[in-house]
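These notes are about the structure you will find just below.
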Protein chains: 2
Amino acid sequence: MSDWTLDERLSDESHPVAHLGLSELRLQDDCNYPWLILIPRVHGASELLDLSREQQSELLAEIDLCGRAMKSLFRPDKLNIATLGNRVPQLHVHLIARFRHDPTWPNPVWGVIHALPYTPEALVERVERLQRLLSG
Amino acid sequence: MSDWTLDERLSDESHPVAHLGLSELRLQDDCNYPWLILIPRVHGASELLDLSREQQSELLAEIDLCGRAMKSLFRPDKLNIATLGNRVPQLHVHLIARFRHDPTWPNPVWGVIHALPYTPEALVERVERLQRLLSG
């Protein structure tokens with residue numbers, strides 16, 4: 001894993017939240033939705049299938065952990081969980097809290113409307129709440 | 001699990017491929033993409049988080065199995081794996097083989113173009129190839 005570095009586009013479009021056992025957890029800079037991204041620190045991994053069974057299980061546990069945190073913090077109508085990677089090949093998993101009143105419901109979020117960046121205050125508040133919940 | 005029945009819309013839009021340990025495996029009736037759907041036979045499950053840890057692990061193993069079959073059969077440029085469920089609440093996981101030349105690349109597939117149903121011959125051929133590979 002030592003050769004792993006975060007993809008530049010993922011880095012540009014999101015903010016660090018937590019360093020988990022397998023993955024970096026980041027917050028997508030789009031306050032239209034509570035939107036987390038898990039990026040396993042596995043050099044060269046592009047597909048879920050590129051992970052070993054143990055790494056897949058660890059990723060699943062991290063998805064479960066973060067999904068539960070999102071459910072408890074945001075009370076969404078639905079969680080969208082996806083690994084697409086058509087534009088950014090580095091393996092990453094989206095966890096998006098969806099609401100019947102959100103701007104693209106019931107469609108998927110990708111490529112429909114422009115991202116709405118957080119204000120610095122809102123960003124700090126959201127990251128801190130997530131960090132408190134995940135470490136608690 | 002005994003009370004579980006397949007959602008009507010999922011049933012209408014896809015064809016049975018295999019009865020796996022946890023999930024029904026079906027082929028989406030859209031020959032724009034090789035597109036499989038795994039539907040865990042767990043009554044009332046809507047989110048991945050609604051499954052027990054054991055069921056989550058079993059689903060992950062089935063995603064891995066089907067993903068490997070798709071990679072070997074179709075040699076896609078990318079696999080898209082997602083559980084959204086904004087329209088159909090019954091828990092289901094999409095596995096879609098994506099190609100740089102497919103009609104919506106690099107966007108996600110949902111809601112962009114109309115489904116292109118298989119001809120009966122193409123459907124039978126695709127389902128049989130998948131079944132042979134999965135049972136082999």
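Naming scheme: A, B, ... for chains in displayed order of the structure tokens; residues 1 onward per chain; ligands 1 onward as shown.
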Which residues of chain A come within 9 Å of chain B, and for each one, what is the closest pair of atoms and their distance in Å to one decimal, counting only C-alpha atoms, sorted by chain and residue number, as a Markdown table?
```
| residue | atom | partner | partner_atom | distance |
| --- | --- | --- | --- | --- |
| A:Ser46 | CA | B:Lys78 | CA | 8.5 |
| A:Glu47 | CA | B:Leu79 | CA | 7.0 |
| A:Leu48 | CA | B:Asp64 | CA | 7.9 |
| A:Leu49 | CA | B:Asp64 | CA | 6.4 |
| A:Arg53 | CA | B:Ala61 | CA | 8.6 |
| A:Gln56 | CA | B:Leu60 | CA | 7.9 |
| A:Ser57 | CA | B:Ser57 | CA | 7.2 |
| A:Leu60 | CA | B:Gln56 | CA | 7.9 |
| A:Ala61 | CA | B:Arg53 | CA | 8.6 |
| A:Asp64 | CA | B:Leu49 | CA | 6.4 |
| A:Gly67 | CA | B:Leu49 | CA | 7.3 |
| A:Arg68 | CA | B:Leu49 | CA | 7.3 |
| A:Asp77 | CA | B:Asn86 | CA | 8.4 |
| A:Lys78 | CA | B:Asn86 | CA | 6.5 |
| A:Leu79 | CA | B:Leu84 | CA | 6.8 |
| A:Asn80 | CA | B:Leu84 | CA | 4.4 |
| A:Ile81 | CA | B:Thr83 | CA | 5.3 |
| A:Ala82 | CA | B:Ala82 | CA | 4.0 |
| A:Thr83 | CA | B:Ile81 | CA | 5.3 |
| A:Leu84 | CA | B:Asn80 | CA | 4.4 |
| A:Gly85 | CA | B:Lys78 | CA | 7.2 |
| A:Asn86 | CA | B:Pro106 | CA | 5.3 |
| A:Arg87 | CA | B:Pro106 | CA | 6.3 |
| A:Pro89 | CA | B:Lys78 | CA | 8.5 |
| A:Arg98 | CA | B:Asn86 | CA | 8.1 |
| A:Arg100 | CA | B:Asn86 | CA | 8.6 |
| A:Trp105 | CA | B:Asn86 | CA | 7.4 |
| A:Pro106 | CA | B:Asn86 | CA | 5.2 |
| A:Asn107 | CA | B:Gly111 | CA | 7.1 |
| A:Pro108 | CA | B:Trp110 | CA | 7.2 |
| A:Trp110 | CA | B:Pro108 | CA | 7.2 |
| A:Gly111 | CA | B:Asn107 | CA | 7.1 |
```
Check your understanding: Which residues come within 12 Å of His19 of chain A, counting only C-alpha atoms, excluding same-chain residues fewer than 2 positions away, as a VMD selection string?
Key -> chain A and resid 15 to 17 21 to 26 37 to 41 62 131 134 to 135
Grab the residues selected above and save them as a PDB file, in the first residue's frame with N, CA, C and O atoms.
```pdb
ATOM      1  N   HIS A  15     -12.932  16.831   0.819  1.00  0.00           N
ATOM      2  CA  HIS A  15     -12.161  17.248   1.988  1.00  0.00           C
ATOM      3  C   HIS A  15     -11.960  16.064   2.938  1.00  0.00           C
ATOM      4  O   HIS A  15     -12.882  15.262   3.105  1.00  0.00           O
ATOM      5  N   PRO A  16     -10.790  15.975   3.581  1.00  0.00           N
ATOM      6  CA  PRO A  16     -10.534  14.821   4.451  1.00  0.00           C
ATOM      7  C   PRO A  16     -11.439  14.798   5.679  1.00  0.00           C
ATOM      8  O   PRO A  16     -11.710  15.836   6.286  1.00  0.00           O
ATOM      9  N   VAL A  17     -11.925  13.615   6.018  1.00  0.00           N
ATOM     10  CA  VAL A  17     -12.736  13.431   7.225  1.00  0.00           C
ATOM     11  C   VAL A  17     -12.035  12.483   8.197  1.00  0.00           C
ATOM     12  O   VAL A  17     -11.896  12.790   9.376  1.00  0.00           O
ATOM     13  N   GLY A  21      -9.093   2.209   8.624  1.00  0.00           N
ATOM     14  CA  GLY A  21      -8.132   1.104   8.537  1.00  0.00           C
ATOM     15  C   GLY A  21      -7.679   0.826   7.114  1.00  0.00           C
ATOM     16  O   GLY A  21      -6.495   0.632   6.846  1.00  0.00           O
ATOM     17  N   LEU A  22      -8.640   0.801   6.188  1.00  0.00           N
ATOM     18  CA  LEU A  22      -8.294   0.540   4.790  1.00  0.00           C
ATOM     19  C   LEU A  22      -8.357   1.808   3.941  1.00  0.00           C
ATOM     20  O   LEU A  22      -7.567   1.983   3.013  1.00  0.00           O
ATOM     21  N   SER A  23      -9.321   2.668   4.229  1.00  0.00           N
ATOM     22  CA  SER A  23      -9.684   3.743   3.300  1.00  0.00           C
ATOM     23  C   SER A  23      -9.491   5.126   3.900  1.00  0.00           C
ATOM     24  O   SER A  23      -9.571   5.316   5.115  1.00  0.00           O
ATOM     25  N   GLU A  24      -9.296   6.083   3.006  1.00  0.00           N
ATOM     26  CA  GLU A  24      -9.462   7.490   3.360  1.00  0.00           C
ATOM     27  C   GLU A  24     -10.948   7.812   3.239  1.00  0.00           C
ATOM     28  O   GLU A  24     -11.590   7.437   2.247  1.00  0.00           O
ATOM     29  N   LEU A  25     -11.480   8.495   4.241  1.00  0.00           N
ATOM     30  CA  LEU A  25     -12.874   8.939   4.171  1.00  0.00           C
ATOM     31  C   LEU A  25     -12.869  10.432   3.915  1.00  0.00           C
ATOM     32  O   LEU A  25     -12.224  11.200   4.647  1.00  0.00           O
ATOM     33  N   ARG A  26     -13.574  10.852   2.867  1.00  0.00           N
ATOM     34  CA  ARG A  26     -13.592  12.260   2.493  1.00  0.00           C
ATOM     35  C   ARG A  26     -15.028  12.733   2.264  1.00  0.00           C
ATOM     36  O   ARG A  26     -15.920  11.933   1.969  1.00  0.00           O
ATOM     37  N   ILE A  37     -17.053   9.864   0.477  1.00  0.00           N
ATOM     38  CA  ILE A  37     -16.321   8.998  -0.447  1.00  0.00           C
ATOM     39  C   ILE A  37     -15.284   8.201   0.345  1.00  0.00           C
ATOM     40  O   ILE A  37     -14.541   8.777   1.147  1.00  0.00           O
ATOM     41  N   LEU A  38     -15.298   6.905   0.134  1.00  0.00           N
ATOM     42  CA  LEU A  38     -14.287   6.018   0.720  1.00  0.00           C
ATOM     43  C   LEU A  38     -13.305   5.632  -0.365  1.00  0.00           C
ATOM     44  O   LEU A  38     -13.711   5.143  -1.428  1.00  0.00           O
ATOM     45  N   ILE A  39     -12.022   5.833  -0.113  1.00  0.00           N
ATOM     46  CA  ILE A  39     -10.997   5.516  -1.107  1.00  0.00           C
ATOM     47  C   ILE A  39      -9.989   4.557  -0.464  1.00  0.00           C
ATOM     48  O   ILE A  39      -9.161   4.967   0.354  1.00  0.00           O
ATOM     49  N   PRO A  40     -10.077   3.268  -0.806  1.00  0.00           N
ATOM     50  CA  PRO A  40      -9.123   2.307  -0.223  1.00  0.00           C
ATOM     51  C   PRO A  40      -7.692   2.658  -0.632  1.00  0.00           C
ATOM     52  O   PRO A  40      -7.430   2.958  -1.802  1.00  0.00           O
ATOM     53  N   ARG A  41      -6.782   2.617   0.338  1.00  0.00           N
ATOM     54  CA  ARG A  41      -5.375   2.935   0.053  1.00  0.00           C
ATOM     55  C   ARG A  41      -4.667   1.693  -0.491  1.00  0.00           C
ATOM     56  O   ARG A  41      -3.785   1.126   0.140  1.00  0.00           O
ATOM     57  N   GLU A  62     -16.322  -0.708   6.443  1.00  0.00           N
ATOM     58  CA  GLU A  62     -16.213   0.761   6.462  1.00  0.00           C
ATOM     59  C   GLU A  62     -17.440   1.408   5.805  1.00  0.00           C
ATOM     60  O   GLU A  62     -17.906   2.459   6.243  1.00  0.00           O
ATOM     61  N   GLN A 131     -16.750  13.473  12.267  1.00  0.00           N
ATOM     62  CA  GLN A 131     -15.603  12.946  13.008  1.00  0.00           C
ATOM     63  C   GLN A 131     -16.003  12.544  14.430  1.00  0.00           C
ATOM     64  O   GLN A 131     -15.598  11.490  14.922  1.00  0.00           O
ATOM     65  N   LEU A 134     -17.995   9.286  14.223  1.00  0.00           N
ATOM     66  CA  LEU A 134     -17.205   8.114  13.816  1.00  0.00           C
ATOM     67  C   LEU A 134     -16.226   7.686  14.909  1.00  0.00           C
ATOM     68  O   LEU A 134     -15.858   6.523  15.001  1.00  0.00           O
ATOM     69  N   SER A 135     -15.804   8.641  15.726  1.00  0.00           N
ATOM     70  CA  SER A 135     -14.838   8.278  16.755  1.00  0.00           C
ATOM     71  C   SER A 135     -15.548   7.906  18.069  1.00  0.00           C
ATOM     72  O   SER A 135     -14.923   7.450  19.010  1.00  0.00           O
TER      73      SER A 135
END
```
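In this comparison, which uses only C-alpha atoms, the residue of B:Ala69, B:Ala97, B:Cys31, B:Leu59 approaching Pro117 of chain B most closely is B:Cys31.
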Review point. Of the candidates B:Gln55, B:Val124, B:Leu130, B:Ala115, which shows the shortest atom-to-atom distance to Ser72 of chain B, using only C-alpha atoms?
Key: B:Leu130
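Interatomic distance, atom CA of Leu10 of chain A against atom CA of Thr104 of chain B: 21.9 Å.
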Check your understanding: Could you pull out all residues of chain A with a DSSP call of alpha helix (DSSP H) and give them as a VMD selection string?
Key -> chain A and resid 8 to 13 53 to 74 120 to 135
Check your understanding: What is the atom CA of Ser11 of chain A to atom CA of Glu128 of chain A distance in Å?
Key -> 18.6 Å
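Among the candidate residues B:Glu121, B:Asp7, B:Glu13, B:Asp102, the one lying nearest to Leu36 of chain B is B:Glu13, with distances computed using only C-alpha atoms.
All residues of protein, DNA or RNA that reach within 9 Å of Trp4 of chain A, judged by only C-alpha atoms and not counting those fewer than 6 positions away in the chain, are Arg41, Val42, His43 and Gly44 of chain A.
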**Study point:** Every residue of chain B that DSSP places in strand (DSSP E or B), as a VMD selection string
**Key:** chain B and resid 14 to 19 23 to 28 35 to 40 78 to 83 93 to 98
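Interatomic distance, atom CA of Ser14 of chain A to atom CA of Leu123 of chain A: 10.5 Å.
Here the question is which of A:Leu27, A:Leu6, A:Leu20, A:Leu91 gets nearest to Glu125 of chain A using only C-alpha atoms, and that residue is A:Leu27.
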